[in-house]
>>> print(open('coords_8.pdb').read())   # PDB, C-alpha atoms
MODEL        1
ATOM      1  CA  MET H   1      33.588 -12.575  -9.209
ATOM      2  CA  LYS H   2      34.537 -10.735 -12.406
ATOM      3  CA  HIS H   3      31.600  -8.388 -11.923
ATOM      4  CA  LEU H   4      32.747  -7.614  -8.372
ATOM      5  CA  VAL H   5      36.204  -6.781  -9.723
ATOM      6  CA  SER H   6      34.590  -4.506 -12.317
ATOM      7  CA  ALA H   7      32.542  -2.770  -9.621
ATOM      8  CA  ILE H   8      35.642  -2.173  -7.492
ATOM      9  CA  GLN H   9      37.521  -0.819 -10.502
ATOM     10  CA  PHE H  10      34.625   1.494 -11.336
ATOM     11  CA  LEU H  11      34.272   2.858  -7.798
ATOM     12  CA  SER H  12      37.936   3.100  -6.834
ATOM     13  CA  ILE H  13      41.500   3.330  -8.118
ATOM     14  CA  LEU H  14      42.547   0.000  -6.638
ATOM     15  CA  PRO H  15      45.042  -1.712  -9.004
ATOM     16  CA  LEU H  16      43.227  -4.938  -9.865
ATOM     17  CA  GLY H  17      44.525  -5.278 -13.391
ATOM     18  CA  LYS H  18      42.590  -4.821 -16.606
ATOM     19  CA  SER H  19      38.887  -5.514 -16.342
ATOM     20  CA  ALA H  20      37.829  -8.665 -18.127
ATOM     21  CA  CYS H  21      34.320  -7.367 -18.697
ATOM     22  CA  PHE H  22      32.120  -4.298 -18.435
ATOM     23  CA  GLU H  23      28.540  -5.324 -17.842
ATOM     24  CA  PRO H  24      26.959  -2.426 -15.912
ATOM     25  CA  LYS H  25      23.720  -4.191 -14.993
ATOM     26  CA  GLU H  26      25.686  -7.065 -13.444
ATOM     27  CA  MET H  27      28.091  -4.700 -11.672
ATOM     28  CA  ILE H  28      25.410  -2.708  -9.881
ATOM     29  CA  LYS H  29      24.427  -5.461  -7.451
ATOM     30  CA  TRP H  30      28.052  -5.675  -6.286
ATOM     31  CA  PHE H  31      28.259  -2.014  -5.275
ATOM     32  CA  PRO H  32      27.567  -2.767  -1.562
ATOM     33  CA  VAL H  33      30.300  -5.437  -1.527
ATOM     34  CA  ALA H  34      32.746  -3.058  -3.220
ATOM     35  CA  GLY H  35      31.832  -0.545  -0.517
ATOM     36  CA  LEU H  36      32.514  -3.151   2.155
ATOM     37  CA  ILE H  37      35.976  -3.755   0.728
ATOM     38  CA  LEU H  38      36.695  -0.035   0.772
ATOM     39  CA  GLY H  39      35.279   0.108   4.301
ATOM     40  CA  ALA H  40      37.500  -2.750   5.441
ATOM     41  CA  MET H  41      40.527  -0.905   4.099
ATOM     42  CA  LEU H  42      39.368   2.270   5.849
ATOM     43  CA  SER H  43      38.845   0.435   9.149
ATOM     44  CA  VAL H  44      42.342  -1.077   9.052
ATOM     45  CA  PHE H  45      43.840   2.275   8.048
ATOM     46  CA  ASP H  46      42.038   3.964  10.953
ATOM     47  CA  LEU H  47      43.373   1.440  13.453
ATOM     48  CA  ALA H  48      46.893   2.067  12.166
ATOM     49  CA  VAL H  49      46.808   5.869  12.218
ATOM     50  CA  SER H  50      45.021   5.961  15.578
ATOM     51  CA  ILE H  51      48.147   4.473  17.142
ATOM     52  CA  CYS H  52      50.195   7.527  16.200
ATOM     53  CA  TRP H  53      47.718  10.402  16.167
ATOM     54  CA  THR H  54      44.812  11.817  18.163
ATOM     55  CA  GLU H  55      41.210  11.156  17.101
ATOM     56  CA  PRO H  56      40.800  14.490  15.229
ATOM     57  CA  ALA H  57      43.996  13.912  13.246
ATOM     58  CA  ALA H  58      43.089  10.268  12.562
ATOM     59  CA  ALA H  59      39.650  11.334  11.311
ATOM     60  CA  VAL H  60      41.226  13.817   8.880
ATOM     61  CA  LEU H  61      43.514  11.093   7.571
ATOM     62  CA  ASP H  62      40.538   8.742   7.213
ATOM     63  CA  VAL H  63      38.713  11.308   5.070
ATOM     64  CA  ILE H  64      41.813  11.876   2.936
ATOM     65  CA  PHE H  65      42.212   8.102   2.556
ATOM     66  CA  LEU H  66      38.667   7.791   1.179
ATOM     67  CA  VAL H  67      39.222  10.657  -1.244
ATOM     68  CA  ILE H  68      42.429   9.086  -2.546
ATOM     69  CA  VAL H  69      41.245   5.474  -2.801
ATOM     70  CA  THR H  70      38.089   6.511  -4.693
ATOM     71  CA  GLY H  71      39.984   8.860  -6.997
ATOM     72  CA  ALA H  72      37.725  11.712  -5.764
ATOM     73  CA  LEU H  73      35.049  10.274  -8.080
ATOM     74  CA  HIS H  74      32.102  11.113  -5.846
ATOM     75  CA  ILE H  75      33.642  14.385  -4.632
ATOM     76  CA  ASP H  76      33.707  15.572  -8.241
ATOM     77  CA  GLY H  77      30.052  14.616  -8.640
ATOM     78  CA  LEU H  78      29.121  16.468  -5.465
ATOM     79  CA  GLY H  79      30.759  19.671  -6.676
ATOM     80  CA  ASP H  80      29.226  19.502 -10.161
ATOM     81  CA  THR H  81      25.776  18.705  -8.784
ATOM     82  CA  ALA H  82      25.887  21.572  -6.297
ATOM     83  CA  ASP H  83      26.803  23.982  -9.094
ATOM     84  CA  GLY H  84      24.082  22.703 -11.394
ATOM     85  CA  LEU H  85      21.210  22.387  -8.948
ATOM     86  CA  TYR H  86      21.854  25.653  -7.106
ATOM     87  CA  GLY H  87      19.095  28.195  -7.644
ATOM     88  CA  SER H  88      16.101  27.714  -9.928
ATOM     89  CA  ARG H  89      17.780  27.138 -13.273
ATOM     90  CA  PRO H  90      15.907  25.174 -15.966
ATOM     91  CA  VAL H  91      16.757  21.485 -16.209
ATOM     92  CA  GLU H  92      18.670  21.916 -19.468
ATOM     93  CA  LYS H  93      20.818  24.683 -18.006
ATOM     94  CA  ALA H  94      21.499  22.658 -14.848
ATOM     95  CA  LEU H  95      22.587  19.659 -16.931
ATOM     96  CA  ALA H  96      24.903  21.850 -18.990
ATOM     97  CA  ILE H  97      26.517  23.304 -15.863
ATOM     98  CA  MET H  98      27.079  19.840 -14.380
ATOM     99  CA  LYS H  99      28.771  18.740 -17.596
ATOM    100  CA  ASP H 100      31.186  21.687 -17.467
ATOM    101  CA  SER H 101      34.571  20.562 -16.110
ATOM    102  CA  ARG H 102      35.017  23.850 -14.274
ATOM    103  CA  ILE H 103      33.823  24.139 -10.689
ATOM    104  CA  GLY H 104      31.991  27.114  -9.233
ATOM    105  CA  ALA H 105      31.700  28.660  -5.793
ATOM    106  CA  MET H 106      28.733  26.513  -4.782
ATOM    107  CA  GLY H 107      30.582  23.368  -5.822
ATOM    108  CA  VAL H 108      33.612  24.314  -3.745
ATOM    109  CA  ALA H 109      31.377  25.123  -0.771
ATOM    110  CA  ALA H 110      29.532  21.796  -1.085
ATOM    111  CA  ILE H 111      32.779  19.825  -1.190
ATOM    112  CA  ILE H 112      34.230  21.637   1.831
ATOM    113  CA  CYS H 113      31.020  21.208   3.817
ATOM    114  CA  GLY H 114      30.684  17.554   2.833
ATOM    115  CA  LEU H 115      34.230  16.690   3.870
ATOM    116  CA  ALA H 116      33.862  18.690   7.095
ATOM    117  CA  VAL H 117      30.676  16.824   8.008
ATOM    118  CA  LYS H 118      32.354  13.495   7.296
ATOM    119  CA  TRP H 119      35.364  14.437   9.406
ATOM    120  CA  ALA H 120      33.159  15.548  12.303
ATOM    121  CA  GLY H 121      31.169  12.333  12.138
ATOM    122  CA  ILE H 122      34.154   9.997  12.039
ATOM    123  CA  MET H 123      35.896  11.900  14.823
ATOM    124  CA  SER H 124      32.822  11.658  17.065
ATOM    125  CA  ILE H 125      32.129   7.919  16.759
ATOM    126  CA  ASP H 126      32.587   6.630  20.288
ATOM    127  CA  ARG H 127      31.394   3.010  19.984
ATOM    128  CA  TYR H 128      31.639   0.343  17.277
ATOM    129  CA  ARG H 129      34.027   2.622  15.390
ATOM    130  CA  SER H 130      35.627  -0.090  13.261
ATOM    131  CA  LEU H 131      32.225  -1.604  12.442
ATOM    132  CA  PHE H 132      30.775   1.683  11.215
ATOM    133  CA  LEU H 133      33.894   2.512   9.226
ATOM    134  CA  LEU H 134      33.415  -0.884   7.581
ATOM    135  CA  ILE H 135      29.730  -0.716   6.681
ATOM    136  CA  ILE H 136      28.932   2.950   6.009
ATOM    137  CA  PRO H 137      30.899   3.018   2.722
ATOM    138  CA  ALA H 138      28.810  -0.015   1.716
ATOM    139  CA  TYR H 139      25.557   1.779   2.547
ATOM    140  CA  SER H 140      26.554   4.896   0.605
ATOM    141  CA  ARG H 141      27.351   2.895  -2.520
ATOM    142  CA  ALA H 142      24.226   0.782  -2.115
ATOM    143  CA  GLY H 143      22.223   4.002  -2.064
ATOM    144  CA  MET H 144      23.113   4.609  -5.692
ATOM    145  CA  ILE H 145      21.264   1.433  -6.663
ATOM    146  CA  PHE H 146      18.015   3.151  -5.685
ATOM    147  CA  GLY H 147      18.915   6.020  -7.991
ATOM    148  CA  PHE H 148      19.383   3.577 -10.872
ATOM    149  CA  ARG H 149      16.094   1.896 -10.052
ATOM    150  CA  PHE H 150      13.714   4.782  -9.441
ATOM    151  CA  LEU H 151      14.919   7.648 -11.643
ATOM    152  CA  LYS H 152      15.510   7.880 -15.363
ATOM    153  CA  TYR H 153      18.817   8.956 -16.844
ATOM    154  CA  GLY H 154      18.890  12.637 -17.715
ATOM    155  CA  ARG H 155      21.278  12.815 -20.674
ATOM    156  CA  SER H 156      19.900  11.593 -23.974
ATOM    157  CA  GLU H 157      23.317  12.122 -25.580
ATOM    158  CA  GLY H 158      24.958   9.721 -23.145
ATOM    159  CA  GLY H 159      27.325  10.217 -20.234
ATOM    160  CA  THR H 160      29.223   8.513 -17.426
ATOM    161  CA  GLY H 161      26.177   6.726 -16.034
ATOM    162  CA  HIS H 162      24.289   6.091 -19.262
ATOM    163  CA  ALA H 163      25.335   2.441 -19.569
ATOM    164  CA  PHE H 164      23.779   1.639 -16.181
ATOM    165  CA  PHE H 165      20.280   2.592 -17.286
ATOM    166  CA  GLY H 166      17.814   1.011 -19.642
ATOM    167  CA  GLU H 167      15.562  -1.778 -18.456
ATOM    168  CA  PRO H 168      14.414  -1.442 -14.807
ATOM    169  CA  LEU H 169      16.587  -3.219 -12.283
ATOM    170  CA  LYS H 170      15.337  -6.478 -10.870
ATOM    171  CA  ASN H 171      14.858  -6.941  -7.128
ATOM    172  CA  SER H 172      17.944  -9.144  -7.100
ATOM    173  CA  ALA H 173      20.053  -6.008  -7.602
ATOM    174  CA  PHE H 174      19.371  -5.119  -3.956
ATOM    175  CA  TYR H 175      20.215  -8.490  -2.391
ATOM    176  CA  MET H 176      23.811  -7.634  -1.465
ATOM    177  CA  LEU H 177      22.518  -4.830   0.745
ATOM    178  CA  ILE H 178      21.581  -7.591   3.172
ATOM    179  CA  ILE H 179      25.275  -7.945   4.099
ATOM    180  CA  PRO H 180      25.844  -4.459   5.594
ATOM    181  CA  VAL H 181      22.346  -4.483   7.103
ATOM    182  CA  SER H 182      23.092  -7.775   8.864
ATOM    183  CA  LEU H 183      26.447  -6.479  10.100
ATOM    184  CA  SER H 184      24.797  -3.333  11.427
ATOM    185  CA  LEU H 185      22.732  -5.400  13.859
ATOM    186  CA  PHE H 186      25.887  -6.135  15.856
ATOM    187  CA  ALA H 187      25.744  -2.491  16.952
ATOM    188  CA  GLY H 188      22.351  -2.935  18.606
ATOM    189  CA  TRP H 189      20.079   0.095  18.595
ATOM    190  CA  ARG H 190      22.766   2.130  16.845
ATOM    191  CA  GLY H 191      22.519  -0.264  13.922
ATOM    192  CA  ILE H 192      18.755   0.199  13.792
ATOM    193  CA  TRP H 193      19.295   3.970  13.915
ATOM    194  CA  LEU H 194      21.768   3.722  11.018
ATOM    195  CA  ASN H 195      19.279   1.825   8.864
ATOM    196  CA  LEU H 196      16.510   4.299   9.666
ATOM    197  CA  ILE H 197      18.678   7.285   8.715
ATOM    198  CA  PHE H 198      19.793   5.514   5.527
ATOM    199  CA  VAL H 199      16.225   4.879   4.387
ATOM    200  CA  LEU H 200      15.041   8.396   5.239
ATOM    201  CA  PHE H 201      17.971  10.127   3.569
ATOM    202  CA  VAL H 202      17.833   8.054   0.381
ATOM    203  CA  VAL H 203      14.093   8.702   0.078
ATOM    204  CA  MET H 204      14.607  12.434   0.685
ATOM    205  CA  ILE H 205      17.345  12.820  -1.921
ATOM    206  CA  LEU H 206      15.421  10.809  -4.519
ATOM    207  CA  ILE H 207      12.352  12.987  -3.964
ATOM    208  CA  PHE H 208      14.502  16.108  -4.254
ATOM    209  CA  TYR H 209      16.080  14.901  -7.501
ATOM    210  CA  LYS H 210      12.666  13.934  -8.883
ATOM    211  CA  ARG H 211      11.075  17.287  -8.123
ATOM    212  CA  ARG H 212      14.077  19.415  -9.077
ATOM    213  CA  MET H 213      15.269  17.589 -12.202
ATOM    214  CA  GLY H 214      12.899  14.717 -12.951
ATOM    215  CA  CYS H 215      15.950  12.588 -13.667
ATOM    216  CA  ILE H 216      19.426  11.636 -12.454
ATOM    217  CA  THR H 217      22.943  11.758 -13.911
ATOM    218  CA  GLY H 218      26.335  10.275 -13.077
ATOM    219  CA  ASP H 219      27.252  13.454 -11.190
ATOM    220  CA  MET H 220      24.038  13.316  -9.184
ATOM    221  CA  LEU H 221      24.671   9.660  -8.331
ATOM    222  CA  GLY H 222      28.165  10.572  -7.133
ATOM    223  CA  ALA H 223      26.754  13.417  -5.063
ATOM    224  CA  MET H 224      24.173  11.026  -3.626
ATOM    225  CA  CYS H 225      26.896   8.590  -2.593
ATOM    226  CA  GLU H 226      29.085  11.273  -1.042
ATOM    227  CA  ALA H 227      26.225  12.996   0.774
ATOM    228  CA  THR H 228      24.868   9.695   2.099
ATOM    229  CA  GLU H 229      28.286   8.734   3.453
ATOM    230  CA  SER H 230      28.774  12.084   5.200
ATOM    231  CA  VAL H 231      25.286  12.130   6.688
ATOM    232  CA  LEU H 232      25.510   8.550   7.974
ATOM    233  CA  PHE H 233      28.868   9.199   9.652
ATOM    234  CA  LEU H 234      27.467  12.338  11.267
ATOM    235  CA  MET H 235      24.177  10.833  12.415
ATOM    236  CA  ILE H 236      25.670   7.600  13.759
ATOM    237  CA  SER H 237      27.826   9.701  16.081
ATOM    238  CA  VAL H 238      24.905  11.713  17.460
ATOM    239  CA  GLN H 239      24.786  11.784  21.252
ATOM    240  CA  LEU H 240      21.534  10.084  22.322
TER
ENDMDL
END
>>> encode(input="coords_8.pdb", output="structure tokens")
Amino acid sequence: MKHLVSAIQFLSILPLGKSACFEPKEMIKWFPVAGLILGAMLSVFDLAVSICWTEPAAAVLDVIFLVIVTGALHIDGLGDTADGLYGSRPVEKALAIMKDSRIGAMGVAAIICGLAVKWAGIMSIDRYRSLFLLIIPAYSRAGMIFGFRFLKYGRSEGGTGHAFFGEPLKNSAFYMLIIPVSLSLFAGWRGIWLNLIFVLFVVMILIFYKRRMGCITGDMLGAMCEATESVLFLMISVQL
């Protein structure tokens, strides 16, 4: 349980007291569960605001809620990654740009587009709304586990994500992903569609990172989480 608390503290600003431990390799497997907890909060919040506001307004508030409860952690990574990976800069230059605390035009554009896509997706969910609000944050945080597993860390001098790398992750690190996958089956073919999109998008972004940088950083992991969340919300609301 202490590792779950550590994972929640790492991925959010929820006031759970001082962490009793910081064991990154043990925390990683709890990322999907931490995402489920955030998703449960989002689902309840959505039900509450939907009583008072229209669907577009409720969707905006849902997006703002996620930004606040996560401390904009992944939003920051998305902006930095967009700035660094834009164009054909050498890997060293891209890493230096991502480390810069300032944000550029491409970073601002990526953040605006990402939040807009997420808003459009949430607003357009017509069935199993509460279920998808619950499990998609779990999927997006589970996606980062694949980044830890299949790409090396890109900063030899250390960084936000350095402690999570080292020895390859064991298969047990992925076991908690079974929870959101099992819950998704309650949505029938839409759940199958969600899992298909998740697999395809995670594979695509890992291939892109591999070819473009040959590595991954904390910012790139945050961008991966944020992009996965936005894409899943958008694609689950597609009209088929």
>>> closest_residue(input="coords_8.pdb", among="H:Ala120, H:Ala109, H:Leu11, H:Ile145", to="H:Ala72", atoms="only C-alpha atoms")
H:Leu11
>>> atom_distance(input="coords_8.pdb", atom1="atom CA of H:Glu92", atom2="atom CA of H:Met213")
9.1 Å
>>> closest_residue(input="coords_8.pdb", among="H:Leu61, H:Leu200, H:Val33, H:Ile103", to="H:Leu78", atoms="only C-alpha atoms")
H:Ile103
>>> closest_residue(input="coords_8.pdb", among="H:Leu234, H:Ala7, H:Met1, H:Leu133", to="H:Ile28", atoms="only C-alpha atoms")
H:Ala7
>>> atom_distance(input="coords_8.pdb", atom1="atom CA of H:Gly218", atom2="atom CA of H:Gly79")
12.2 Å
